[in-house]
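As stored in work-v5.pdb (PDB, N, CA and C atoms, pLDDT in the B column):
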```
MODEL        1
ATOM      1  N   MET A   1      31.185  74.819  79.048  1.00 51.00           N
ATOM      2  CA  MET A   1      29.844  75.239  79.382  1.00 51.00           C
ATOM      3  C   MET A   1      29.109  75.613  78.101  1.00 51.00           C
ATOM      4  N   LEU A   2      27.869  75.186  77.968  1.00 55.00           N
ATOM      5  CA  LEU A   2      27.067  75.489  76.789  1.00 55.00           C
ATOM      6  C   LEU A   2      26.440  76.872  76.904  1.00 55.00           C
ATOM      7  N   SER A   3      26.417  77.567  75.798  1.00 58.00           N
ATOM      8  CA  SER A   3      25.741  78.857  75.804  1.00 58.00           C
ATOM      9  C   SER A   3      24.248  78.640  75.642  1.00 58.00           C
ATOM     10  N   ARG A   4      23.458  79.654  75.896  1.00 58.00           N
ATOM     11  CA  ARG A   4      22.006  79.527  75.819  1.00 58.00           C
ATOM     12  C   ARG A   4      21.539  79.259  74.394  1.00 58.00           C
ATOM     13  N   SER A   5      22.182  79.863  73.396  1.00 57.00           N
ATOM     14  CA  SER A   5      21.732  79.694  72.017  1.00 57.00           C
ATOM     15  C   SER A   5      21.993  78.281  71.496  1.00 57.00           C
ATOM     16  N   SER A   6      23.073  77.661  71.925  1.00 58.00           N
ATOM     17  CA  SER A   6      23.368  76.317  71.439  1.00 58.00           C
ATOM     18  C   SER A   6      22.452  75.276  72.074  1.00 58.00           C
ATOM     19  N   SER A   7      21.921  75.547  73.240  1.00 69.00           N
ATOM     20  CA  SER A   7      21.031  74.588  73.877  1.00 69.00           C
ATOM     21  C   SER A   7      19.629  74.619  73.277  1.00 69.00           C
ATOM     22  N   ARG A   8      19.299  75.632  72.504  1.00 78.00           N
ATOM     23  CA  ARG A   8      17.982  75.773  71.899  1.00 78.00           C
ATOM     24  C   ARG A   8      17.949  75.327  70.445  1.00 78.00           C
ATOM     25  N   ARG A   9      19.022  74.853  69.921  1.00 83.00           N
ATOM     26  CA  ARG A   9      19.080  74.446  68.512  1.00 83.00           C
ATOM     27  C   ARG A   9      18.372  73.120  68.309  1.00 83.00           C
ATOM     28  N   LEU A  10      17.772  72.991  67.125  1.00 81.00           N
ATOM     29  CA  LEU A  10      17.151  71.721  66.767  1.00 81.00           C
ATOM     30  C   LEU A  10      18.222  70.722  66.357  1.00 81.00           C
ATOM     31  N   PRO A  11      17.949  69.458  66.558  1.00 86.00           N
ATOM     32  CA  PRO A  11      18.903  68.449  66.087  1.00 86.00           C
ATOM     33  C   PRO A  11      19.025  68.499  64.561  1.00 86.00           C
ATOM     34  N   ALA A  12      20.163  68.115  64.062  1.00 88.00           N
ATOM     35  CA  ALA A  12      20.423  68.168  62.624  1.00 88.00           C
ATOM     36  C   ALA A  12      19.471  67.268  61.839  1.00 88.00           C
ATOM     37  N   SER A  13      18.930  66.254  62.461  1.00 89.00           N
ATOM     38  CA  SER A  13      18.019  65.350  61.748  1.00 89.00           C
ATOM     39  C   SER A  13      16.711  66.035  61.365  1.00 89.00           C
ATOM     40  N   TYR A  14      16.360  67.142  62.029  1.00 89.00           N
ATOM     41  CA  TYR A  14      15.148  67.887  61.699  1.00 89.00           C
ATOM     42  C   TYR A  14      15.359  68.908  60.590  1.00 89.00           C
ATOM     43  N   ALA A  15      16.573  69.131  60.176  1.00 90.00           N
ATOM     44  CA  ALA A  15      16.876  70.166  59.183  1.00 90.00           C
ATOM     45  C   ALA A  15      16.103  69.988  57.876  1.00 90.00           C
ATOM     46  N   PRO A  16      16.004  68.789  57.304  1.00 91.00           N
ATOM     47  CA  PRO A  16      15.233  68.648  56.062  1.00 91.00           C
ATOM     48  C   PRO A  16      13.752  68.982  56.235  1.00 91.00           C
ATOM     49  N   LEU A  17      13.180  68.607  57.365  1.00 94.00           N
ATOM     50  CA  LEU A  17      11.763  68.902  57.611  1.00 94.00           C
ATOM     51  C   LEU A  17      11.513  70.397  57.784  1.00 94.00           C
ATOM     52  N   VAL A  18      12.367  71.042  58.548  1.00 93.00           N
ATOM     53  CA  VAL A  18      12.220  72.480  58.780  1.00 93.00           C
ATOM     54  C   VAL A  18      12.447  73.246  57.484  1.00 93.00           C
ATOM     55  N   THR A  19      13.433  72.859  56.712  1.00 94.00           N
ATOM     56  CA  THR A  19      13.710  73.513  55.439  1.00 94.00           C
ATOM     57  C   THR A  19      12.538  73.347  54.482  1.00 94.00           C
ATOM     58  N   ALA A  20      11.995  72.156  54.388  1.00 96.00           N
ATOM     59  CA  ALA A  20      10.856  71.913  53.506  1.00 96.00           C
ATOM     60  C   ALA A  20       9.646  72.725  53.942  1.00 96.00           C
ATOM     61  N   PHE A  21       9.403  72.806  55.237  1.00 96.00           N
ATOM     62  CA  PHE A  21       8.277  73.589  55.744  1.00 96.00           C
ATOM     63  C   PHE A  21       8.439  75.068  55.426  1.00 96.00           C
ATOM     64  N   LEU A  22       9.617  75.608  55.687  1.00 96.00           N
ATOM     65  CA  LEU A  22       9.852  77.034  55.420  1.00 96.00           C
ATOM     66  C   LEU A  22       9.763  77.355  53.926  1.00 96.00           C
ATOM     67  N   LEU A  23      10.306  76.493  53.085  1.00 97.00           N
ATOM     68  CA  LEU A  23      10.216  76.719  51.646  1.00 97.00           C
ATOM     69  C   LEU A  23       8.770  76.639  51.161  1.00 97.00           C
ATOM     70  N   SER A  24       7.979  75.761  51.744  1.00 97.00           N
ATOM     71  CA  SER A  24       6.570  75.659  51.374  1.00 97.00           C
ATOM     72  C   SER A  24       5.806  76.920  51.752  1.00 97.00           C
ATOM     73  N   VAL A  25       6.078  77.447  52.922  1.00 95.00           N
ATOM     74  CA  VAL A  25       5.414  78.678  53.361  1.00 95.00           C
ATOM     75  C   VAL A  25       5.801  79.845  52.457  1.00 95.00           C
ATOM     76  N   ILE A  26       7.080  79.965  52.156  1.00 96.00           N
ATOM     77  CA  ILE A  26       7.545  81.051  51.293  1.00 96.00           C
ATOM     78  C   ILE A  26       6.954  80.926  49.895  1.00 96.00           C
ATOM     79  N   MET A  27       6.942  79.720  49.345  1.00 96.00           N
ATOM     80  CA  MET A  27       6.402  79.498  48.004  1.00 96.00           C
ATOM     81  C   MET A  27       4.908  79.807  47.962  1.00 96.00           C
ATOM     82  N   THR A  28       4.171  79.424  48.986  1.00 92.00           N
ATOM     83  CA  THR A  28       2.744  79.715  49.041  1.00 92.00           C
ATOM     84  C   THR A  28       2.503  81.218  49.068  1.00 92.00           C
ATOM     85  N   CYS A  29       3.283  81.946  49.845  1.00 90.00           N
ATOM     86  CA  CYS A  29       3.139  83.403  49.905  1.00 90.00           C
ATOM     87  C   CYS A  29       3.452  84.054  48.562  1.00 90.00           C
ATOM     88  N   VAL A  30       4.496  83.609  47.917  1.00 92.00           N
ATOM     89  CA  VAL A  30       4.883  84.192  46.626  1.00 92.00           C
ATOM     90  C   VAL A  30       3.819  83.914  45.564  1.00 92.00           C
ATOM     91  N   VAL A  31       3.368  82.672  45.474  1.00 92.00           N
ATOM     92  CA  VAL A  31       2.391  82.306  44.443  1.00 92.00           C
ATOM     93  C   VAL A  31       1.063  83.003  44.687  1.00 92.00           C
ATOM     94  N   SER A  32       0.587  83.035  45.921  1.00 89.00           N
ATOM     95  CA  SER A  32      -0.683  83.698  46.189  1.00 89.00           C
ATOM     96  C   SER A  32      -0.563  85.211  45.998  1.00 89.00           C
ATOM     97  N   GLY A  33       0.594  85.772  46.308  1.00 88.00           N
ATOM     98  CA  GLY A  33       0.801  87.214  46.071  1.00 88.00           C
ATOM     99  C   GLY A  33       0.786  87.557  44.601  1.00 88.00           C
ATOM    100  N   ILE A  34       1.447  86.751  43.782  1.00 90.00           N
ATOM    101  CA  ILE A  34       1.451  86.992  42.341  1.00 90.00           C
ATOM    102  C   ILE A  34       0.054  86.815  41.764  1.00 90.00           C
ATOM    103  N   ALA A  35      -0.656  85.777  42.187  1.00 88.00           N
ATOM    104  CA  ALA A  35      -2.014  85.545  41.694  1.00 88.00           C
ATOM    105  C   ALA A  35      -2.945  86.687  42.089  1.00 88.00           C
ATOM    106  N   THR A  36      -2.803  87.197  43.307  1.00 87.00           N
ATOM    107  CA  THR A  36      -3.628  88.315  43.753  1.00 87.00           C
ATOM    108  C   THR A  36      -3.317  89.564  42.952  1.00 87.00           C
ATOM    109  N   LEU A  37      -2.047  89.835  42.727  1.00 87.00           N
ATOM    110  CA  LEU A  37      -1.676  91.016  41.946  1.00 87.00           C
ATOM    111  C   LEU A  37      -2.163  90.917  40.501  1.00 87.00           C
ATOM    112  N   LEU A  38      -2.098  89.742  39.924  1.00 88.00           N
ATOM    113  CA  LEU A  38      -2.563  89.572  38.550  1.00 88.00           C
ATOM    114  C   LEU A  38      -4.076  89.718  38.437  1.00 88.00           C
ATOM    115  N   SER A  39      -4.808  89.276  39.435  1.00 88.00           N
ATOM    116  CA  SER A  39      -6.259  89.351  39.340  1.00 88.00           C
ATOM    117  C   SER A  39      -6.808  90.721  39.740  1.00 88.00           C
ATOM    118  N   LEU A  40      -6.194  91.391  40.707  1.00 85.00           N
ATOM    119  CA  LEU A  40      -6.713  92.678  41.183  1.00 85.00           C
ATOM    120  C   LEU A  40      -5.913  93.875  40.682  1.00 85.00           C
ATOM    121  N   GLY A  41      -4.702  93.647  40.239  1.00 85.00           N
ATOM    122  CA  GLY A  41      -3.834  94.755  39.870  1.00 85.00           C
ATOM    123  C   GLY A  41      -3.088  95.265  41.095  1.00 85.00           C
ATOM    124  N   ALA A  42      -2.166  96.167  40.849  1.00 84.00           N
ATOM    125  CA  ALA A  42      -1.341  96.702  41.937  1.00 84.00           C
ATOM    126  C   ALA A  42      -2.070  97.852  42.616  1.00 84.00           C
ATOM    127  N   THR A  43      -3.021  97.515  43.453  1.00 84.00           N
ATOM    128  CA  THR A  43      -3.801  98.512  44.185  1.00 84.00           C
ATOM    129  C   THR A  43      -3.597  98.296  45.682  1.00 84.00           C
ATOM    130  N   PRO A  44      -3.900  99.320  46.483  1.00 82.00           N
ATOM    131  CA  PRO A  44      -3.809  99.127  47.940  1.00 82.00           C
ATOM    132  C   PRO A  44      -4.765  98.037  48.432  1.00 82.00           C
ATOM    133  N   ASP A  45      -5.883  97.851  47.728  1.00 83.00           N
ATOM    134  CA  ASP A  45      -6.834  96.817  48.108  1.00 83.00           C
ATOM    135  C   ASP A  45      -6.232  95.426  47.952  1.00 83.00           C
ATOM    136  N   ALA A  46      -5.323  95.266  47.020  1.00 81.00           N
ATOM    137  CA  ALA A  46      -4.698  93.955  46.791  1.00 81.00           C
ATOM    138  C   ALA A  46      -3.903  93.507  48.009  1.00 81.00           C
ATOM    139  N   LEU A  47      -3.275  94.437  48.709  1.00 81.00           N
ATOM    140  CA  LEU A  47      -2.503  94.075  49.900  1.00 81.00           C
ATOM    141  C   LEU A  47      -3.415  93.570  51.020  1.00 81.00           C
ATOM    142  N   TRP A  48      -4.631  94.105  51.102  1.00 84.00           N
ATOM    143  CA  TRP A  48      -5.568  93.650  52.144  1.00 84.00           C
ATOM    144  C   TRP A  48      -6.204  92.324  51.774  1.00 84.00           C
ATOM    145  N   ARG A  49      -6.343  92.047  50.497  1.00 83.00           N
ATOM    146  CA  ARG A  49      -6.988  90.801  50.069  1.00 83.00           C
ATOM    147  C   ARG A  49      -5.983  89.648  49.931  1.00 83.00           C
ATOM    148  N   TRP A  50      -4.708  89.961  49.883  1.00 81.00           N
ATOM    149  CA  TRP A  50      -3.688  88.926  49.713  1.00 81.00           C
ATOM    150  C   TRP A  50      -3.717  87.856  50.813  1.00 81.00           C
ATOM    151  N   PRO A  51      -3.797  88.211  52.095  1.00 82.00           N
ATOM    152  CA  PRO A  51      -3.831  87.144  53.123  1.00 82.00           C
ATOM    153  C   PRO A  51      -5.072  86.248  53.008  1.00 82.00           C
ATOM    154  N   GLN A  52      -6.146  86.761  52.467  1.00 79.00           N
ATOM    155  CA  GLN A  52      -7.351  85.959  52.281  1.00 79.00           C
ATOM    156  C   GLN A  52      -7.187  84.941  51.166  1.00 79.00           C
ATOM    157  N   ALA A  53      -6.289  85.222  50.239  1.00 70.00           N
ATOM    158  CA  ALA A  53      -6.074  84.305  49.125  1.00 70.00           C
ATOM    159  C   ALA A  53      -5.349  83.074  49.626  1.00 70.00           C
TER
ENDMDL
END
```
structure tokens encoding of this file:
Amino acid sequence: MLSRSSSRRLPASYAPLVTAFLLSVIMTCVVSGIATLLSLGATPDALWRWPQA
């Protein structure tokens, strides 16, 4: 009998696409966060403006 978690898994053929998508999202967040911090400095306002970047 299959458990609920195994029935919800993506096929292995999608692994490269999902990995590439997740790495792109993480890289975009890191780069925009660093750029925001460099331009505004480490202020509380920088955290609010980061998602806009």
Taking every listed atom of range 4-23 of chain A and adding 8 Å to each side, what centre and edge lengths in Å (one decimal) does the axis-aligned box have, as JSON?
```
{"center_x": 15.9, "center_y": 72.6, "center_z": 63.5, "size_x": 31.2, "size_y": 30.5, "size_z": 40.7}
```
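The space between CA of Pro51 in chain A and CA of Leu37 in chain A spans 12.0 Å.
Here atom N of Pro16 in chain A and atom N of Thr28 in chain A stand 18.0 Å from one another.
Going from CA of Trp50 in chain A to CA of Val30 in chain A covers 10.3 Å.
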Exercise for the section: From a DSSP pass on the backbone, collect the residues of chain A flagged as helix (DSSP H, G or I) and hand them back as a VMD selection string. Expected result: chain A and resid 4 to 7 12 to 40 44 to 49
Practice task
Could you check which of A:Leu23, A:Arg8, A:Arg49, A:Ala15 is closest to Thr36 in chain A, using only N, CA and C atoms?
Solution key: A:Arg49
